[in-house]
Amino acid sequence: MTGTATPRGTPAVGVFAYVTDRRRPVVHVIDTDTNAEVIAVDLPSIAGDIAVSSDGRRAFALSLQTSQIFPIDTEFNARLATITLDQVGSSIATGPAGNVAYVTLRGTDELAVINTDAGNVSARIPVGNSPVDVAVTHDGAMAYVANTASSVSAVNLATRSVVATIPIGDRPAAIAVAPDDSRVYALALSSRMFVIFAATNSVVDEISINGSLSALAVTPSGAFVYVANPPGKVSVVDTAAGSVSGTIGVGSFPAGVGFTPDGALAYVGSGGMTPDTGTISVINAQTQAVTDTISFPAGTPVSPASVAVANVRP
């Protein structure tokens with residue numbers, strides 16, 4: 001590990017959204033009570049993806065440009081010692097164990113298991129060709145890896161081995177797990193989402209969603225999947241009906257979606273049409289309408305992207 005933490009001040013308490021920026025080497029920290037940015041945590045390089053620990057005490061920003069993970073102490077919004085990898089990762093996820101993160105490595109077709117306390121790679125699990133995204137079940141038993149070469153790898157995290165390779169009828173670009181771990185949702189680059197039944201590791205449904213697709217998140221109730229659907233909307237999938245029930249207009253080119261733990265709000269990072277028009281849309285999940293838009297000063301290069309939300313407690 002390299003780097004040092006910034007000095008500590010007054011600890012933060014509450015629910016915060018952490019949003020990466022593909023134009024600036026920062027993580028935007030949004031207070032969900034006020035929908036105001038409380039700080040932009042400086043990073044050594046631009047981060048593409050972000051995940052938070054199950055206890056809410058850490059955020060892990062995965063560099064888009066270098067072989068690094070940037071841990072952040074969420075209580076004090078302080079960057080901690082950098083974790084160095086041997087190659088650039090594609091995506092990062094955490095599970096219920098507070099000191100473990102998982103990173104997809106496209107260069108070697110592997111899922112790296114990261115001991116975040118020790119700051120090193122503790123295992124490397126071969127998966128499918130060109131893995132681009134990973135999601136961990138809420139019980140911590142399995143990880144599901146979306147491979148660009150039209151498959152999903154089901155990984156047993158206890159044995160650290162692939163127990164099933166699930167063929168997908170298109171190139172999956174993003175993946176998410178239902179709150180009860182019964183379903184896995186794999187998003188293609190365009191036009192459709194595949195539903196995997198976890199008990200059999202098989203595709204049981206295919207849902208049409210018009211247009212390009214970039215990210216997804218499942219509501220904490222499991223009733224809906226919000227799909228970032230560029231150029232300017234979120235498509236809402238009713239999981240019981242297996243179809244799109246509506247759309248929500250957001251900023252241009254949405255790239256990340258995250259829900260507050262209570263499911264009341266969704267935060268959507270959108271890159272914008274020009275370098276200074278990126279926004280973060282706040283959606284009331286009950287009414288499925290945007291209730292606030294977080295923007296940035298004119299002329300500020302900004303491109304909000306991946307979103308993770310944590311309940312930060314002392």
# chains A, B, ... in the order shown; residues from 1 in each chain; ligands from 1
>>> residues_around(residues="Val204 of chain A", least_positions_apart="5", cutoff="7 Å", atoms="only C-alpha atoms", output="JSON list (two decimals) with C-alpha atoms, in the first residue's frame")
[["chain", "number", "residue", "atom", "x", "y", "z"],
["A", 195, "VAL", "CA", -32.86, -12.72, -15.57],
["A", 196, "ILE", "CA", -30.90, -15.59, -14.01],
["A", 197, "PHE", "CA", -32.51, -17.94, -11.47]]
>>> residues_around(residues="Asn35 of chain A", least_positions_apart="2", cutoff="10 Å", atoms="only C-alpha atoms", output="list in words")
Phe16, Ala17, Val29, Ile30, Asp31, Thr32, Asp33, Glu37, Val38, Tyr267, Ile280, Ser281, Val282, Asp292, Thr293 and Ile294 of chain A
>>> residues_around(residues="segment 240-251 of chain A", least_positions_apart="3", cutoff="8 Å", atoms="only C-alpha atoms", output="list of chain:residue names")
A:Asp205, A:Ile207, A:Ser208, A:Ile209, A:Ala223, A:Gly232, A:Lys233, A:Val234, A:Ser235, A:Val236, A:Val237, A:Pro254, A:Val268, A:Gly269, A:Ser270, A:Gly271, A:Gly272, A:Gly278, A:Thr279, A:Ile280, A:Ser281, A:Gln288, A:Ala289, A:Val290
>>> residues_around(residues="segment 148-157 of chain A", least_positions_apart="5", cutoff="6 Å", atoms="only C-alpha atoms", output="CSV table (one decimal) with N, CA and C atoms, in the first residue's frame")
chain,number,residue,atom,x,y,z
A,129,ASN,N,-14.2,-14.9,-20.3
A,129,ASN,CA,-13.4,-14.0,-21.1
A,129,ASN,C,-13.8,-12.6,-20.9
A,130,SER,N,-12.9,-11.7,-20.6
A,130,SER,CA,-13.0,-10.3,-20.5
A,130,SER,C,-14.1,-9.9,-19.5
A,141,ALA,N,-22.2,-15.7,-0.2
A,141,ALA,CA,-21.8,-17.0,-0.7
A,141,ALA,C,-21.3,-17.1,-2.1
A,142,MET,N,-21.8,-16.2,-3.0
A,142,MET,CA,-21.5,-16.2,-4.4
A,142,MET,C,-21.2,-14.9,-4.9
A,143,ALA,N,-20.4,-14.9,-6.0
A,143,ALA,CA,-20.2,-13.7,-6.8
A,143,ALA,C,-20.7,-14.1,-8.3
A,162,VAL,N,-15.3,-21.3,-10.0
A,162,VAL,CA,-16.5,-21.1,-10.8
A,162,VAL,C,-17.3,-22.4,-10.8
A,163,VAL,N,-18.6,-22.3,-10.4
A,163,VAL,CA,-19.4,-23.5,-10.3
A,163,VAL,C,-20.4,-23.6,-11.5
A,164,ALA,N,-20.5,-22.5,-12.2
A,164,ALA,CA,-21.4,-22.5,-13.4
A,164,ALA,C,-21.0,-21.4,-14.3
A,165,THR,N,-21.0,-21.7,-15.6
A,165,THR,CA,-20.8,-20.7,-16.7
A,165,THR,C,-22.2,-20.6,-17.4
A,166,ILE,N,-22.8,-19.4,-17.3
A,166,ILE,CA,-24.2,-19.2,-17.8
A,166,ILE,C,-24.1,-18.5,-19.1
A,167,PRO,N,-24.5,-19.2,-20.2
A,167,PRO,CA,-24.5,-18.5,-21.5
A,167,PRO,C,-25.5,-17.4,-21.5
A,168,ILE,N,-25.1,-16.2,-22.1
A,168,ILE,CA,-26.0,-15.1,-22.2
A,168,ILE,C,-26.1,-14.8,-23.7
A,170,ASP,N,-26.3,-12.2,-25.4
A,170,ASP,CA,-25.7,-10.9,-25.8
A,170,ASP,C,-24.5,-10.6,-24.9
A,171,ARG,N,-23.8,-9.6,-25.2
A,171,ARG,CA,-22.6,-9.2,-24.4
A,171,ARG,C,-23.1,-8.5,-23.1
A,172,PRO,N,-23.0,-9.2,-21.9
A,172,PRO,CA,-23.4,-8.5,-20.7
A,172,PRO,C,-22.4,-7.4,-20.3
>>> closest_residue(among="A:Phe253, A:Phe259, A:Phe76, A:Phe296", to="Ala310 of chain A", atoms="only C-alpha atoms")
A:Phe259
>>> closest_residue(among="A:Arg23, A:His138, A:Arg57, A:Arg183", to="Pro11 of chain A", atoms="only C-alpha atoms")
A:Arg57
>>> select_by_dssp(residues="segment 87-261 of chain A", states="strand (DSSP E or B)", output="PyMOL selection string")
chain A and resi 92-94+100-105+110-115+120-126+131-136+142-147+151-156+161-167+172-177+183-188+190-197+202-212+215-218+224-229+233-238+243-249+254-259
>>> write_last_selection(atoms="C-alpha atoms", output="CSV table (one decimal), in the first residue's frame")
chain,number,residue,atom,x,y,z
A,92,ILE,CA,-15.3,-3.5,-7.9
A,93,ALA,CA,-17.8,-4.9,-5.4
A,94,THR,CA,-18.0,-5.7,-1.7
A,100,VAL,CA,-13.0,-8.1,1.4
A,101,ALA,CA,-13.5,-6.5,-2.0
A,102,TYR,CA,-13.7,-8.1,-5.5
A,103,VAL,CA,-12.2,-6.7,-8.7
A,104,THR,CA,-12.6,-7.9,-12.2
A,105,LEU,CA,-9.4,-8.1,-14.2
A,110,GLU,CA,-9.8,-13.2,-13.4
A,111,LEU,CA,-11.7,-12.1,-10.4
A,112,ALA,CA,-9.3,-10.7,-7.8
A,113,VAL,CA,-10.1,-11.1,-4.1
A,114,ILE,CA,-8.8,-8.1,-2.1
A,115,ASN,CA,-8.0,-8.2,1.6
A,120,ASN,CA,-3.3,-6.9,-1.1
A,121,VAL,CA,-4.7,-9.5,-3.4
A,122,SER,CA,-5.4,-12.7,-1.4
A,123,ALA,CA,-6.7,-14.8,-4.3
A,124,ARG,CA,-7.2,-14.8,-8.1
A,125,ILE,CA,-10.1,-16.8,-9.5
A,126,PRO,CA,-10.2,-17.6,-13.3
A,131,PRO,CA,-14.9,-9.8,-17.2
A,132,VAL,CA,-16.4,-6.3,-16.9
A,133,ASP,CA,-18.6,-6.3,-13.8
A,134,VAL,CA,-19.2,-8.2,-10.6
A,135,ALA,CA,-21.9,-8.4,-8.0
A,136,VAL,CA,-21.9,-10.4,-4.7
A,142,MET,CA,-21.5,-16.2,-4.4
A,143,ALA,CA,-20.2,-13.7,-6.8
A,144,TYR,CA,-21.6,-13.3,-10.3
A,145,VAL,CA,-19.3,-12.0,-13.0
A,146,ALA,CA,-20.4,-10.5,-16.3
A,147,ASN,CA,-18.1,-11.5,-19.1
A,151,SER,CA,-21.5,-15.4,-20.4
A,152,VAL,CA,-21.9,-14.9,-16.6
A,153,SER,CA,-19.6,-16.8,-14.3
A,154,ALA,CA,-21.1,-18.0,-11.0
A,155,VAL,CA,-18.3,-18.1,-8.4
A,156,ASN,CA,-18.5,-20.0,-5.1
A,161,SER,CA,-14.0,-21.5,-8.0
A,162,VAL,CA,-16.5,-21.1,-10.8
A,163,VAL,CA,-19.4,-23.5,-10.3
A,164,ALA,CA,-21.4,-22.5,-13.4
A,165,THR,CA,-20.8,-20.7,-16.7
A,166,ILE,CA,-24.2,-19.2,-17.8
A,167,PRO,CA,-24.5,-18.5,-21.5
A,172,PRO,CA,-23.4,-8.5,-20.7
A,173,ALA,CA,-22.2,-5.1,-19.6
A,174,ALA,CA,-23.4,-4.8,-16.0
A,175,ILE,CA,-24.8,-7.1,-13.3
A,176,ALA,CA,-26.8,-6.9,-10.1
A,177,VAL,CA,-28.3,-9.3,-7.5
A,183,ARG,CA,-32.4,-13.6,-9.0
A,184,VAL,CA,-29.4,-12.1,-10.9
A,185,TYR,CA,-29.9,-9.4,-13.5
A,186,ALA,CA,-27.5,-9.2,-16.4
A,187,LEU,CA,-27.7,-6.1,-18.6
A,188,ALA,CA,-26.7,-6.2,-22.2
A,190,SER,CA,-28.4,-2.5,-25.6
A,191,SER,CA,-32.1,-3.5,-25.8
A,192,ARG,CA,-32.4,-6.3,-23.2
A,193,MET,CA,-31.8,-7.6,-19.6
A,194,PHE,CA,-31.4,-11.2,-18.8
A,195,VAL,CA,-32.9,-12.7,-15.6
A,196,ILE,CA,-30.9,-15.6,-14.0
A,197,PHE,CA,-32.5,-17.9,-11.5
A,202,SER,CA,-29.9,-20.6,-15.7
A,203,VAL,CA,-31.5,-17.7,-17.7
A,204,VAL,CA,-35.3,-17.8,-17.0
A,205,ASP,CA,-36.4,-14.5,-18.7
A,206,GLU,CA,-35.3,-11.9,-21.1
A,207,ILE,CA,-36.7,-8.4,-20.7
A,208,SER,CA,-36.8,-5.9,-23.6
A,209,ILE,CA,-35.5,-2.4,-22.9
A,210,ASN,CA,-35.2,0.0,-25.9
A,211,GLY,CA,-31.9,1.7,-26.5
A,212,SER,CA,-28.4,1.7,-25.0
A,215,ALA,CA,-25.9,0.5,-15.4
A,216,LEU,CA,-28.5,-1.0,-13.1
A,217,ALA,CA,-29.5,-1.3,-9.5
A,218,VAL,CA,-32.2,-3.3,-7.7
A,224,PHE,CA,-38.0,-2.9,-9.3
A,225,VAL,CA,-34.7,-2.7,-11.3
A,226,TYR,CA,-33.6,0.8,-12.3
A,227,VAL,CA,-31.7,0.7,-15.6
A,228,ALA,CA,-29.6,3.7,-16.8
A,229,ASN,CA,-30.8,4.1,-20.3
A,233,LYS,CA,-33.6,8.4,-18.9
A,234,VAL,CA,-33.8,5.6,-16.4
A,235,SER,CA,-36.1,2.6,-17.3
A,236,VAL,CA,-38.0,1.1,-14.4
A,237,VAL,CA,-38.4,-2.7,-14.7
A,238,ASP,CA,-41.2,-4.3,-12.7
A,243,SER,CA,-41.3,-5.7,-18.2
A,244,VAL,CA,-40.6,-2.0,-18.2
A,245,SER,CA,-43.3,-0.2,-16.2
A,246,GLY,CA,-42.1,3.3,-16.9
A,247,THR,CA,-39.2,5.7,-17.6
A,248,ILE,CA,-37.8,8.6,-15.6
A,249,GLY,CA,-36.1,11.5,-17.3
A,254,PRO,CA,-26.6,8.3,-17.1
A,255,ALA,CA,-23.8,5.9,-16.0
A,256,GLY,CA,-24.5,4.9,-12.4
A,257,VAL,CA,-27.5,4.2,-10.1
A,258,GLY,CA,-27.5,3.7,-6.3
A,259,PHE,CA,-30.3,3.5,-3.7
>>> atom_distance(atom1="atom CA of Arg313 of chain A", atom2="atom CA of Thr287 of chain A")
28.3 Å
>>> atom_distance(atom1="atom CA of Ala12 of chain A", atom2="atom CA of Val309 of chain A")
13.8 Å
>>> residues_around(residues="Gly98 of chain A", least_positions_apart="6", cutoff="12 Å", atoms="only C-alpha atoms", output="PyMOL selection string")
chain A and resi 51-60+114-117+140
